[in-house]
$ cat entry_15.csv   # CSV, C-alpha atoms and all ligand atoms
chain,number,residue,atom,x,y,z
A,1,MET,CA,-14.8,-20.6,4.9
A,2,GLU,CA,-12.1,-23.1,5.8
A,3,SER,CA,-9.3,-20.9,4.5
A,4,SER,CA,-10.2,-17.3,4.3
A,5,GLN,CA,-7.9,-14.4,4.1
A,6,VAL,CA,-8.4,-10.7,5.0
A,7,ILE,CA,-6.0,-8.5,3.0
A,8,VAL,CA,-5.8,-4.8,3.6
A,9,ILE,CA,-4.7,-2.6,0.6
A,10,THR,CA,-3.0,0.5,1.9
A,11,SER,CA,-0.5,3.2,1.0
A,12,GLY,CA,-0.1,6.1,3.3
A,13,LYS,CA,-0.2,8.7,0.5
A,14,GLY,CA,-3.5,9.4,-1.2
A,15,GLY,CA,-4.3,8.9,-4.8
A,16,VAL,CA,-1.7,6.3,-5.6
A,17,GLY,CA,-4.1,3.5,-6.7
A,18,LYS,CA,-5.5,1.7,-3.6
A,19,THR,CA,-9.1,1.8,-4.8
A,20,THR,CA,-8.2,0.9,-8.4
A,21,SER,CA,-6.1,-2.0,-7.2
A,22,THR,CA,-8.8,-3.3,-4.8
A,23,ALA,CA,-11.4,-3.3,-7.6
A,24,ASN,CA,-9.2,-5.0,-10.1
A,25,LEU,CA,-7.7,-7.6,-7.8
A,26,GLY,CA,-11.2,-8.4,-6.6
A,27,HIS,CA,-12.3,-9.2,-10.2
A,28,GLY,CA,-9.1,-11.1,-10.8
A,29,LEU,CA,-9.6,-13.4,-7.8
A,30,ALA,CA,-13.3,-13.8,-8.5
A,31,GLU,CA,-12.5,-14.7,-12.1
A,32,GLN,CA,-10.3,-17.5,-10.8
A,33,GLY,CA,-13.4,-18.9,-9.0
A,34,TYR,CA,-12.8,-17.6,-5.5
A,35,LYS,CA,-15.6,-16.1,-3.4
A,36,VAL,CA,-14.5,-12.5,-2.9
A,37,CYS,CA,-15.8,-9.5,-0.8
A,38,LEU,CA,-14.5,-6.0,-1.3
A,39,VAL,CA,-14.9,-3.7,1.7
A,40,ASP,CA,-14.7,0.0,1.2
A,41,ALA,CA,-13.2,1.2,4.5
A,42,ASP,CA,-12.8,4.8,3.3
A,43,ILE,CA,-15.7,6.1,5.3
A,44,GLY,CA,-17.0,9.5,4.3
A,45,LEU,CA,-15.1,9.3,1.0
A,46,ARG,CA,-16.9,6.4,-0.7
A,47,ASN,CA,-15.3,5.5,-4.1
A,48,LEU,CA,-15.0,1.8,-4.6
A,49,ASP,CA,-18.7,1.7,-5.6
A,50,VAL,CA,-18.2,4.0,-8.6
A,51,VAL,CA,-15.0,2.3,-9.7
A,52,MET,CA,-16.9,-1.0,-9.7
A,53,GLY,CA,-19.9,0.6,-11.4
A,54,LEU,CA,-22.2,-0.4,-8.6
A,55,GLU,CA,-23.1,3.1,-7.2
A,56,ASN,CA,-26.8,2.8,-8.1
A,57,ARG,CA,-27.4,-0.4,-6.1
A,58,ILE,CA,-26.4,0.8,-2.6
A,59,VAL,CA,-29.1,0.6,0.0
A,60,TYR,CA,-27.1,-0.1,3.2
A,61,ASP,CA,-23.5,0.4,4.1
A,62,LEU,CA,-20.7,-0.7,6.4
A,63,VAL,CA,-21.8,1.6,9.2
A,64,ASP,CA,-25.3,0.3,9.0
A,65,VAL,CA,-24.0,-3.2,9.5
A,66,VAL,CA,-21.7,-2.5,12.5
A,67,GLU,CA,-24.5,-0.4,14.1
A,68,GLY,CA,-27.0,-3.2,13.6
A,69,ASN,CA,-29.3,-1.3,11.4
A,70,CYS,CA,-29.4,-4.1,8.9
A,71,LYS,CA,-28.1,-7.6,8.4
A,72,LEU,CA,-24.8,-8.1,6.7
A,73,ARG,CA,-26.4,-9.8,3.7
A,74,ASN,CA,-28.7,-6.8,3.1
A,75,ALA,CA,-25.7,-4.5,2.7
A,76,LEU,CA,-23.7,-6.8,0.4
A,77,ILE,CA,-23.9,-5.9,-3.3
A,78,LYS,CA,-23.4,-8.5,-5.9
A,79,ASP,CA,-21.2,-7.5,-8.8
A,80,LYS,CA,-22.9,-7.0,-12.2
A,81,ARG,CA,-20.5,-9.3,-14.1
A,82,ASN,CA,-19.2,-11.8,-11.6
A,83,GLU,CA,-21.4,-13.7,-9.2
A,84,ASN,CA,-18.4,-14.6,-7.0
A,85,LEU,CA,-17.8,-10.9,-6.3
A,86,TYR,CA,-19.5,-8.7,-3.6
A,87,LEU,CA,-19.0,-5.2,-2.4
A,88,LEU,CA,-19.6,-3.8,1.1
A,89,PRO,CA,-19.8,0.0,0.5
A,90,ALA,CA,-18.6,2.6,2.9
A,91,ALA,CA,-21.0,5.1,4.5
A,92,GLN,CA,-20.8,8.5,2.7
A,93,THR,CA,-22.4,10.8,5.2
A,94,ARG,CA,-20.6,9.6,8.3
A,95,ASP,CA,-17.0,10.0,9.5
A,96,LYS,CA,-14.3,7.6,10.4
A,97,ASP,CA,-15.2,7.8,14.1
A,98,ALA,CA,-18.4,5.9,13.4
A,99,VAL,CA,-16.5,2.7,13.4
A,100,GLN,CA,-14.2,1.1,16.1
A,101,PRO,CA,-11.4,-1.4,15.3
A,102,GLU,CA,-13.2,-4.1,17.4
A,103,GLN,CA,-16.3,-3.7,15.1
A,104,MET,CA,-14.1,-4.2,12.1
A,105,ILE,CA,-12.7,-7.4,13.6
A,106,GLU,CA,-16.2,-8.6,14.2
A,107,LEU,CA,-17.3,-7.7,10.7
A,108,ASN,CA,-14.3,-9.6,9.3
A,109,ARG,CA,-15.3,-12.6,11.4
A,110,GLN,CA,-18.7,-12.6,9.7
A,111,LEU,CA,-17.3,-12.1,6.3
A,112,ARG,CA,-14.9,-15.0,6.8
A,113,GLU,CA,-17.8,-17.4,7.0
A,114,GLN,CA,-18.9,-16.6,3.4
A,115,PHE,CA,-15.8,-15.5,1.5
A,116,GLN,CA,-12.3,-16.8,0.7
A,117,TYR,CA,-10.8,-13.4,0.0
A,118,ILE,CA,-11.8,-10.2,1.8
A,119,LEU,CA,-10.0,-7.2,0.4
A,120,ILE,CA,-10.1,-4.0,2.5
A,121,ASP,CA,-9.7,-0.7,0.6
A,122,CYS,CA,-7.9,1.5,3.1
A,123,PRO,CA,-8.3,5.3,3.3
A,124,ALA,CA,-5.1,7.4,2.9
A,125,GLY,CA,-3.3,8.6,6.0
A,126,ILE,CA,-2.3,6.9,9.3
A,127,GLU,CA,-5.1,8.0,11.5
A,128,ARG,CA,-8.3,6.4,12.7
A,129,GLY,CA,-9.5,5.2,9.3
A,130,PHE,CA,-6.2,3.4,8.7
A,131,LYS,CA,-6.3,1.8,12.2
A,132,ASN,CA,-9.9,0.5,11.5
A,133,ALA,CA,-8.9,-0.8,8.1
A,134,ILE,CA,-6.0,-2.9,9.3
A,135,ALA,CA,-7.8,-4.2,12.4
A,136,GLY,CA,-7.9,-8.0,12.1
A,137,ALA,CA,-6.2,-8.2,8.7
A,138,ASP,CA,-4.1,-11.3,8.0
A,139,ALA,CA,-2.0,-9.7,5.3
A,140,ALA,CA,-1.2,-6.3,3.8
A,141,ILE,CA,-0.6,-5.0,0.3
A,142,ILE,CA,1.3,-1.7,0.1
A,143,VAL,CA,0.6,0.4,-3.0
A,144,THR,CA,3.1,3.0,-4.1
A,145,THR,CA,4.1,5.0,-7.2
A,146,PRO,CA,7.8,5.4,-8.0
A,147,GLU,CA,8.0,8.9,-6.5
A,148,VAL,CA,9.8,10.2,-3.5
A,149,SER,CA,6.8,11.2,-1.4
A,150,ALA,CA,4.8,8.0,-2.1
A,151,VAL,CA,7.8,5.8,-1.3
A,152,ARG,CA,8.5,7.7,1.9
A,153,ASP,CA,4.9,7.3,3.0
A,154,ALA,CA,5.0,3.6,2.1
A,155,ASP,CA,8.0,3.2,4.3
A,156,ARG,CA,6.1,4.7,7.2
A,157,ILE,CA,3.1,2.4,6.6
A,158,ILE,CA,5.3,-0.7,6.4
A,159,GLY,CA,6.6,0.3,9.9
A,160,LEU,CA,3.1,0.6,11.2
A,161,ILE,CA,2.0,-2.7,9.6
A,162,GLU,CA,4.9,-4.4,11.3
A,163,ALA,CA,4.1,-2.8,14.6
A,164,ALA,CA,0.5,-4.1,14.2
A,165,GLU,CA,2.1,-7.6,13.8
A,166,ILE,CA,0.7,-8.2,10.3
A,167,PRO,CA,3.3,-10.4,8.7
A,168,ALA,CA,5.3,-9.7,5.5
A,169,PRO,CA,3.6,-6.9,3.7
A,170,LYS,CA,3.9,-7.1,-0.1
A,171,LEU,CA,4.4,-4.2,-2.6
A,172,ILE,CA,2.6,-3.1,-5.7
A,173,ILE,CA,4.4,-0.4,-7.7
A,174,ASN,CA,1.7,1.4,-9.6
A,175,ARG,CA,1.9,3.9,-12.5
A,176,LEU,CA,5.4,2.9,-13.7
A,177,ARG,CA,6.4,4.6,-16.9
A,178,PRO,CA,9.0,2.5,-18.7
A,179,ASP,CA,9.9,5.5,-21.1
A,180,MET,CA,10.8,7.6,-18.1
A,181,VAL,CA,12.7,4.8,-16.4
A,182,LYS,CA,14.7,4.3,-19.6
A,183,LYS,CA,15.7,8.0,-19.5
A,184,GLY,CA,16.7,7.9,-15.9
A,185,ASP,CA,13.9,10.1,-14.9
A,186,MET,CA,11.9,7.6,-12.8
A,187,MET,CA,13.1,5.2,-10.2
A,188,ASP,CA,12.9,1.6,-11.5
A,189,ILE,CA,11.6,-1.5,-9.8
A,190,ASP,CA,14.9,-2.4,-8.2
A,191,ASP,CA,15.4,1.1,-6.8
A,192,VAL,CA,12.1,1.0,-5.0
A,193,ILE,CA,12.5,-2.5,-3.7
A,194,GLU,CA,16.0,-1.7,-2.5
A,195,ILE,CA,14.8,1.2,-0.5
A,196,LEU,CA,11.7,-0.4,1.0
A,197,ALA,CA,13.2,-3.9,1.4
A,198,ILE,CA,9.9,-5.8,1.1
A,199,ASP,CA,8.7,-8.4,-1.4
A,200,LEU,CA,7.4,-7.3,-4.7
A,201,LEU,CA,3.9,-8.5,-5.6
A,202,GLY,CA,3.7,-6.8,-8.9
A,203,VAL,CA,4.1,-3.7,-11.1
A,204,VAL,CA,1.3,-1.9,-12.9
A,205,PRO,CA,2.2,0.5,-15.7
A,206,ASP,CA,0.8,3.9,-16.0
A,207,ASP,CA,-2.0,3.3,-18.4
A,208,GLU,CA,-4.7,5.6,-19.9
A,209,SER,CA,-7.1,2.7,-20.2
A,210,ILE,CA,-7.5,2.8,-16.4
A,211,ILE,CA,-9.0,6.3,-16.7
A,212,VAL,CA,-11.3,5.2,-19.6
A,213,SER,CA,-12.4,2.1,-17.8
A,214,THR,CA,-13.0,4.0,-14.6
A,215,ASN,CA,-15.2,6.4,-16.6
A,216,ARG,CA,-17.3,3.5,-17.6
A,217,GLY,CA,-17.4,1.9,-14.2
A,218,GLU,CA,-15.7,-1.3,-15.5
A,219,PRO,CA,-12.4,-2.2,-13.9
A,220,VAL,CA,-9.5,-2.3,-16.4
A,221,ILE,CA,-8.9,-6.0,-15.8
A,222,LEU,CA,-12.0,-6.7,-17.8
A,223,ASP,CA,-10.3,-5.1,-20.8
A,224,LYS,CA,-8.3,-8.0,-22.4
A,225,HIS,CA,-6.1,-5.6,-24.4
A,226,SER,CA,-5.0,-3.4,-21.6
A,227,ARG,CA,-1.5,-3.8,-20.2
A,228,ALA,CA,-2.6,-2.6,-16.7
A,229,GLY,CA,-5.3,-5.2,-16.9
A,230,GLN,CA,-2.8,-7.9,-17.7
A,231,ALA,CA,-0.6,-6.7,-14.8
A,232,TYR,CA,-3.6,-7.0,-12.4
A,233,ARG,CA,-4.5,-10.4,-13.7
A,234,ASN,CA,-0.9,-11.5,-13.0
A,235,ILE,CA,-1.0,-10.0,-9.5
A,236,SER,CA,-4.3,-11.7,-8.6
A,237,ARG,CA,-2.8,-15.1,-9.6
A,238,ARG,CA,0.2,-14.4,-7.4
A,239,ILE,CA,-2.1,-13.6,-4.5
A,240,ALA,CA,-3.7,-17.0,-5.0
A,241,GLY,CA,-0.2,-18.6,-4.8
A,242,GLU,CA,0.7,-19.0,-8.4
A,243,ASP,CA,4.2,-18.3,-9.5
A,244,VAL,CA,3.8,-15.8,-12.4
A,245,PRO,CA,6.8,-14.0,-13.9
A,246,LEU,CA,6.8,-10.2,-14.1
A,247,MET,CA,5.6,-9.0,-17.4
A,248,ASP,CA,7.9,-7.0,-19.7
A,249,LEU,CA,6.9,-3.4,-19.4
A,250,SER,CA,9.2,-1.9,-22.0
A,251,SER,CA,7.2,0.0,-24.5
A,252,PRO,CA,5.0,-2.1,-26.8
A,253,GLY,CA,6.7,-3.4,-29.9
A,254,LEU,CA,5.4,-2.9,-33.5
A,255,LEU,CA,3.5,-6.2,-33.4
A,256,GLU,CA,1.7,-5.2,-30.2
A,257,LYS,CA,0.9,-1.8,-31.6
A,258,LEU,CA,-0.6,-3.5,-34.8
A,259,ARG,CA,-2.6,-5.9,-32.7
A,260,ARG,CA,-4.0,-3.0,-30.7
A,261,LEU,CA,-4.9,-1.2,-33.9
A,262,VAL,CA,-6.7,-4.2,-35.2
A,263,GLY,CA,-8.3,-4.9,-31.9
A,264,GLY,CA,-9.6,-1.3,-31.9
A,265,LYS,CA,-7.8,-0.4,-28.7
B,1,MET,CA,15.5,10.2,-33.2
B,2,GLY,CA,14.6,10.4,-29.5
B,3,ALA,CA,18.0,9.0,-28.6
B,4,LEU,CA,19.7,11.7,-30.7
B,5,ILE,CA,17.7,14.4,-28.9
B,6,ASP,CA,18.7,12.9,-25.5
B,7,PHE,CA,22.3,12.8,-26.6
B,8,VAL,CA,22.3,16.5,-27.6
B,9,ASN,CA,20.6,17.4,-24.4
B,10,LYS,CA,23.2,15.6,-22.4
B,11,LEU,CA,26.0,17.5,-24.2
B,12,LEU,CA,24.3,20.8,-23.5
B,13,ASN,CA,23.5,20.0,-19.9
B,14,LYS,CA,26.6,19.7,-17.7
B,15,ASP,CA,25.2,18.8,-14.4
B,16,ASP,CA,23.3,16.0,-15.8
B,17,VAL,CA,22.7,13.5,-13.0
B,18,PRO,CA,19.7,11.3,-13.8
B,19,SER,CA,16.9,12.7,-11.7
B,20,LYS,CA,16.0,9.2,-10.4
B,21,ASP,CA,19.5,9.0,-8.8
B,22,LEU,CA,18.7,12.3,-7.0
B,23,ALA,CA,15.3,10.9,-5.9
B,24,LYS,CA,16.9,7.7,-4.6
B,25,GLU,CA,19.7,9.5,-2.7
B,26,ARG,CA,17.2,12.0,-1.2
B,27,LEU,CA,14.9,9.2,-0.1
B,28,ARG,CA,17.8,7.2,1.4
B,29,LEU,CA,18.7,10.2,3.6
B,30,VAL,CA,15.1,11.1,4.6
B,31,LEU,CA,14.4,7.5,5.6
B,32,VAL,CA,17.4,7.3,7.8
B,33,HIS,CA,15.7,10.1,9.8
B,34,ASP,CA,12.2,8.8,9.5
B,35,ARG,CA,13.1,5.3,10.6
B,36,ALA,CA,15.1,6.6,13.6
B,37,THR,CA,12.2,7.5,15.8
B,38,LEU,CA,11.8,5.6,19.0
B,39,SER,CA,8.4,5.9,20.5
B,40,PRO,CA,8.3,7.4,24.0
B,41,GLU,CA,7.3,4.0,25.5
B,42,LEU,CA,10.3,2.3,23.8
B,43,LEU,CA,12.6,5.0,25.0
B,44,MET,CA,11.3,4.6,28.6
B,45,THR,CA,11.9,0.8,28.5
B,46,LEU,CA,15.4,1.4,27.0
B,47,LYS,CA,16.2,3.8,29.8
B,48,GLU,CA,15.0,1.4,32.5
B,49,GLU,CA,17.0,-1.5,31.1
B,50,LEU,CA,20.1,0.7,30.7
B,51,ILE,CA,19.8,1.7,34.4
B,52,ASN,CA,19.5,-2.0,35.4
B,53,VAL,CA,22.7,-2.9,33.6
B,54,LEU,CA,24.6,0.2,34.6
B,55,THR,CA,23.9,0.0,38.3
B,56,LYS,CA,25.6,-3.4,38.4
B,57,TYR,CA,28.9,-1.6,37.8
B,58,LEU,CA,28.3,2.1,38.7
B,59,GLU,CA,26.4,4.2,41.0
B,60,ILE,CA,24.6,6.6,38.8
B,61,ASP,CA,22.4,9.6,39.1
B,62,VAL,CA,19.2,8.1,37.8
B,63,ALA,CA,17.4,11.5,37.7
B,64,GLY,CA,20.1,13.1,35.6
B,65,LEU,CA,20.2,10.3,33.0
B,66,GLU,CA,19.5,11.4,29.5
B,67,VAL,CA,19.1,9.1,26.4
B,68,ASN,CA,18.3,10.5,23.0
B,69,LEU,CA,18.6,9.8,19.3
B,70,ASP,CA,20.9,12.4,17.8
B,71,ARG,CA,20.5,13.0,14.0
B,72,ALA,CA,23.2,14.4,11.9
B,73,ASP,CA,23.0,14.7,8.1
B,74,ASP,CA,23.2,11.1,7.2
B,75,THR,CA,23.8,9.3,10.5
B,76,VAL,CA,21.9,8.6,13.6
B,77,ALA,CA,23.5,8.0,17.0
B,78,LEU,CA,22.1,7.0,20.3
B,79,VAL,CA,23.6,9.6,22.7
B,80,ALA,CA,23.5,9.0,26.4
B,81,ASN,CA,24.5,11.3,29.2
B,82,ILE,CA,24.9,9.3,32.4
B,83,PRO,CA,26.1,11.2,35.5
B,84,VAL,CA,28.2,8.8,37.6
B,85,LYS,CA,28.3,9.2,41.4
B,86,SER,CA,30.8,6.5,42.1
B,87,VAL,CA,32.3,3.3,40.6
B,88,ARG,CA,31.6,0.1,42.5
B,89,ARG,CA,34.6,-1.9,43.6
B,90,ALA,CA,35.2,-5.1,41.9
C,301,LIG,N1,-1.8,2.6,-13.4
C,301,LIG,C1,-2.5,3.8,-13.5
C,301,LIG,N2,-2.5,4.4,-14.7
C,301,LIG,C2,-3.2,5.6,-14.9
C,301,LIG,N3,-4.0,6.1,-13.9
C,301,LIG,C3,-4.1,5.5,-12.8
C,301,LIG,C4,-3.4,4.3,-12.5
C,301,LIG,N4,-3.7,3.9,-11.2
C,301,LIG,C5,-4.5,4.8,-10.7
C,301,LIG,N5,-4.8,5.8,-11.6
C,301,LIG,C6,-5.7,6.9,-11.5
C,301,LIG,O1,-5.3,7.6,-10.3
C,301,LIG,C7,-6.3,8.2,-9.6
C,301,LIG,C8,-6.3,7.7,-8.1
C,301,LIG,O2,-6.5,6.3,-8.1
C,301,LIG,P1,-7.3,5.6,-6.8
C,301,LIG,O3,-8.5,6.3,-6.6
C,301,LIG,O4,-7.3,4.2,-7.1
C,301,LIG,O5,-6.2,6.0,-5.7
C,301,LIG,P2,-6.4,5.8,-4.1
C,301,LIG,O6,-5.1,5.4,-3.6
C,301,LIG,O7,-7.6,4.9,-3.8
C,301,LIG,O8,-6.8,7.3,-3.7
C,301,LIG,P3,-7.4,7.8,-2.2
C,301,LIG,O9,-6.2,7.9,-1.3
C,301,LIG,O10,-8.0,9.1,-2.5
C,301,LIG,O11,-8.4,6.8,-1.8
C,301,LIG,C9,-7.6,7.7,-10.3
C,301,LIG,O12,-8.1,8.7,-11.1
C,301,LIG,C10,-7.1,6.5,-11.1
C,301,LIG,O13,-7.9,6.4,-12.3
C,302,MG,MG,-9.3,5.2,-2.5

$ encode --input "entry_15.csv" --output "structure tokens" --more "lines below"
Ligand SMILES: Nc1ncnc2c1ncn2[C@@H]1O[C@H](COP(=O)(O)OP(=O)(O)OP(=O)(O)O)[C@@H](O)[C@H]1O
Ligand SMILES: [Mg+2]
Amino acid sequence: MESSQVIVITSGKGGVGKTTSTANLGHGLAEQGYKVCLVDADIGLRNLDVVMGLENRIVYDLVDVVEGNCKLRNALIKDKRNENLYLLPAAQTRDKDAVQPEQMIELNRQLREQFQYILIDCPAGIERGFKNAIAGADAAIIVTTPEVSAVRDADRIIGLIEAAEIPAPKLIINRLRPDMVKKGDMMDIDDVIEILAIDLLGVVPDDESIIVSTNRGEPVILDKHSRAGQAYRNISRRIAGEDVPLMDLSSPGLLEKLRRLVGGK
Amino acid sequence: MGALIDFVNKLLNKDDVPSKDLAKERLRLVLVHDRATLSPELLMTLKEELINVLTKYLEIDVAGLEVNLDRADDTVALVANIPVKSVRRA
């Protein structure tokens, strides 16, 4: 495509929300009409398929494509709800050594022909899997939670992203709890930004609806009443270049609570 | 109600620094150390360039040259030990 972008979603620390973010931002961008491909680069620990609810449709995977066992188009899975959205699943029974950075660059080259946004779901850590996932990326999104260990790892990743000459990584702060911030028991947005000194892309509140939606295999962004879903919609519009103000995360007011009751959420 | 409970807790708890301030301070310190790592290649290049500059002014014992990052509690210093054989005349 004339303007395609490969964005790696990474964190260093495990379990902070890379896969959740990849699935939701993919939907958010596809919803805006862009052609989007999500690549699960967490080889051996395949997850993006279940978060997307596409686990029953997998025939071939990323390793099959790079090894030439199948054509790229045979491995791509079309999303159930959005025809602009595709998934390239990870291999489950192989390890990270099955792929080389050069092969990822070649894969991205092929994907760029068909898609406007290619989002790479990176494995945790800074080893081989990370190096594969960032190979050939144009941009990086760093996901962290407002906790000491996650922020420390994010700092390390930012250093590695800069060393790989991927320009200006952007930050998503996930699982923020406004009630704890208010009490002084959780670092707030400004604290984290001050420490990491990178641009903020968005903030996603800690939200039970993420767990419910993941149980169902439907990314939370499809739930119009969820605050996390709203946060992801905002972030995906910012990725596309729109100037969207940060949403107010302070605990929902009476009106909002009533609306949720009425809305059955 | 919640505010009242917080207030009572604060009265009872003397060393009541908000835990997020501790988190921030600890992070700040740990990152000073984390960020102050020079890769071996970078350290080698730094040494070579130092030698180039120094030998303009001094005759130094290149084999005895030591350059390291020294980390104290909350500061990091570049410490160099450079044995000088003689000073060049101006
Ligand atoms: N904002 C949130 N609110 C509540 N739960 C969340 C939130 N974000 C993520 N989670 C939950 O945290 C868990 C880890 O999320 P996820 O799998 O996206 O992390 P990850 O960074 O991809 O992990 P890994 O490093 O193992 O790949 C999941 O159970 C997910 O449902
Ligand atoms: Mg993951």

$ residues_near_ligand --input "entry_15.csv" --ligand "ligand MG 302 (chain C)" --cutoff "7 Å" --atoms "all atoms listed in the file" --output "number ranges by chain"
A: 15, 17-19, 42, 47-48, 121-123

$ closest_residue --input "entry_15.csv" --among "B:Asp16, B:Lys56, B:Glu48, B:Arg28" --to "chain A" --atoms "only C-alpha atoms"
B:Arg28

$ atom_distance --input "entry_15.csv" --atom1 "atom N1 of ligand LIG 301 (chain C)" --atom2 "atom CA of A:Val8"
19.0 Å

$ atom_distance --input "entry_15.csv" --atom1 "atom CA of A:Ser11" --atom2 "atom CA of A:Val143"
5.0 Å

$ residues_near_point --input "entry_15.csv" --point "(19.6, 8.0, 40.7)" --cutoff "12 Å" --atoms "only C-alpha atoms" --output "PyMOL selection string"
chain B and resi 48+51-52+54-55+58-66+82-86

$ write_last_selection --input "entry_15.csv" --atoms "C-alpha atoms" --output "tab-separated table (two decimals), in the frame of the given file"
chain	number	residue	atom	x	y	z
B	48	GLU	CA	15.00	1.40	32.50
B	51	ILE	CA	19.80	1.70	34.40
B	52	ASN	CA	19.50	-2.00	35.40
B	54	LEU	CA	24.60	0.20	34.60
B	55	THR	CA	23.90	0.00	38.30
B	58	LEU	CA	28.30	2.10	38.70
B	59	GLU	CA	26.40	4.20	41.00
B	60	ILE	CA	24.60	6.60	38.80
B	61	ASP	CA	22.40	9.60	39.10
B	62	VAL	CA	19.20	8.10	37.80
B	63	ALA	CA	17.40	11.50	37.70
B	64	GLY	CA	20.10	13.10	35.60
B	65	LEU	CA	20.20	10.30	33.00
B	66	GLU	CA	19.50	11.40	29.50
B	82	ILE	CA	24.90	9.30	32.40
B	83	PRO	CA	26.10	11.20	35.50
B	84	VAL	CA	28.20	8.80	37.60
B	85	LYS	CA	28.30	9.20	41.40
B	86	SER	CA	30.80	6.50	42.10

$ interface_residues --input "entry_15.csv" --of "chain B" --to "chain A" --cutoff "6 Å" --atoms "all atoms listed in the file" --output "PyMOL selection string"
chain B and resi 18-20

$ closest_residue --input "entry_15.csv" --among "A:Gln92, A:Ser213, A:Gln100, A:Ser4" --to "ligand LIG 301 (chain C)" --atoms "all atoms listed in the file"
A:Ser213

$ residues_near_ligand --input "entry_15.csv" --ligand "ligand LIG 301 (chain C)" --cutoff "6 Å" --atoms "only C-alpha atoms and all ligand atoms" --output "PDB file with C-alpha atoms, keeping the file's coordinate frame"
ATOM      1  CA  GLY A  14      -3.500   9.400  -1.200  1.00  0.00           C
ATOM      2  CA  GLY A  15      -4.300   8.900  -4.800  1.00  0.00           C
ATOM      3  CA  VAL A  16      -1.700   6.300  -5.600  1.00  0.00           C
ATOM      4  CA  GLY A  17      -4.100   3.500  -6.700  1.00  0.00           C
ATOM      5  CA  LYS A  18      -5.500   1.700  -3.600  1.00  0.00           C
ATOM      6  CA  THR A  19      -9.100   1.800  -4.800  1.00  0.00           C
ATOM      7  CA  THR A  20      -8.200   0.900  -8.400  1.00  0.00           C
ATOM      8  CA  PRO A 123      -8.300   5.300   3.300  1.00  0.00           C
ATOM      9  CA  ALA A 124      -5.100   7.400   2.900  1.00  0.00           C
ATOM     10  CA  ASN A 174       1.700   1.400  -9.600  1.00  0.00           C
ATOM     11  CA  ARG A 175       1.900   3.900 -12.500  1.00  0.00           C
ATOM     12  CA  VAL A 204       1.300  -1.900 -12.900  1.00  0.00           C
ATOM     13  CA  PRO A 205       2.200   0.500 -15.700  1.00  0.00           C
ATOM     14  CA  ASP A 206       0.800   3.900 -16.000  1.00  0.00           C
ATOM     15  CA  ASP A 207      -2.000   3.300 -18.400  1.00  0.00           C
ATOM     16  CA  GLU A 208      -4.700   5.600 -19.900  1.00  0.00           C
ATOM     17  CA  ILE A 210      -7.500   2.800 -16.400  1.00  0.00           C
ATOM     18  CA  ILE A 211      -9.000   6.300 -16.700  1.00  0.00           C
TER      19      ILE A 211
END

$ atom_distance --input "entry_15.csv" --atom1 "atom CA of A:Ala91" --atom2 "atom CA of A:Ile157"
24.3 Å

$ closest_residue --input "entry_15.csv" --among "A:Ile173, A:Val59, A:Ile198, A:Ala90" --to "A:Ala41" --atoms "only C-alpha atoms"
A:Ala90

$ residues_around --input "entry_15.csv" --residues "A:Tyr232" --least-positions-apart "2" --cutoff "8 Å" --atoms "all atoms listed in the file" --output "MDAnalysis selection string"
chainID A and resid 21 24:25 28 204 221 228:230 234:236

$ closest_residue --input "entry_15.csv" --among "B:Leu22, B:Leu38, B:Val17, B:Leu29" --to "B:Leu78" --atoms "all atoms listed in the file"
B:Leu38

$ residues_around --input "entry_15.csv" --residues "A:Ile161" --least-positions-apart "6" --cutoff "10 Å" --atoms "all atoms listed in the file" --output "list in words"
Thr10, Lys131, Ile134, Ala137, Ala139, Ala140, Ile141, Ile142, Asp155, Pro167, Ala168 and Pro169 of chain A

$ residues_around --input "entry_15.csv" --residues "B:Ala36" --least-positions-apart "3" --cutoff "12 Å" --atoms "only C-alpha atoms" --output "PDB file with C-alpha atoms, keeping the file's coordinate frame"
ATOM      1  CA  ARG A 156       6.100   4.700   7.200  1.00  0.00           C
ATOM      2  CA  GLY A 159       6.600   0.300   9.900  1.00  0.00           C
TER       3      GLY A 159
ATOM      4  CA  LEU B  29      18.700  10.200   3.600  1.00  0.00           C
ATOM      5  CA  VAL B  30      15.100  11.100   4.600  1.00  0.00           C
ATOM      6  CA  LEU B  31      14.400   7.500   5.600  1.00  0.00           C
ATOM      7  CA  VAL B  32      17.400   7.300   7.800  1.00  0.00           C
ATOM      8  CA  HIS B  33      15.700  10.100   9.800  1.00  0.00           C
ATOM      9  CA  SER B  39       8.400   5.900  20.500  1.00  0.00           C
ATOM     10  CA  LEU B  43      12.600   5.000  25.000  1.00  0.00           C
ATOM     11  CA  ASN B  68      18.300  10.500  23.000  1.00  0.00           C
ATOM     12  CA  LEU B  69      18.600   9.800  19.300  1.00  0.00           C
ATOM     13  CA  ASP B  70      20.900  12.400  17.800  1.00  0.00           C
ATOM     14  CA  ARG B  71      20.500  13.000  14.000  1.00  0.00           C
ATOM     15  CA  ALA B  72      23.200  14.400  11.900  1.00  0.00           C
ATOM     16  CA  ASP B  74      23.200  11.100   7.200  1.00  0.00           C
ATOM     17  CA  THR B  75      23.800   9.300  10.500  1.00  0.00           C
ATOM     18  CA  VAL B  76      21.900   8.600  13.600  1.00  0.00           C
ATOM     19  CA  ALA B  77      23.500   8.000  17.000  1.00  0.00           C
ATOM     20  CA  LEU B  78      22.100   7.000  20.300  1.00  0.00           C
TER      21      LEU B  78
END

$ residues_around --input "entry_15.csv" --residues "A:Ser209" --least-positions-apart "6" --cutoff "10 Å" --atoms "all atoms listed in the file" --output "list in words"
Asn215, Pro219, Val220, Ile221, Asp223, His225, Ser226, Arg227, Ala228, Gly229 and Lys265 of chain A
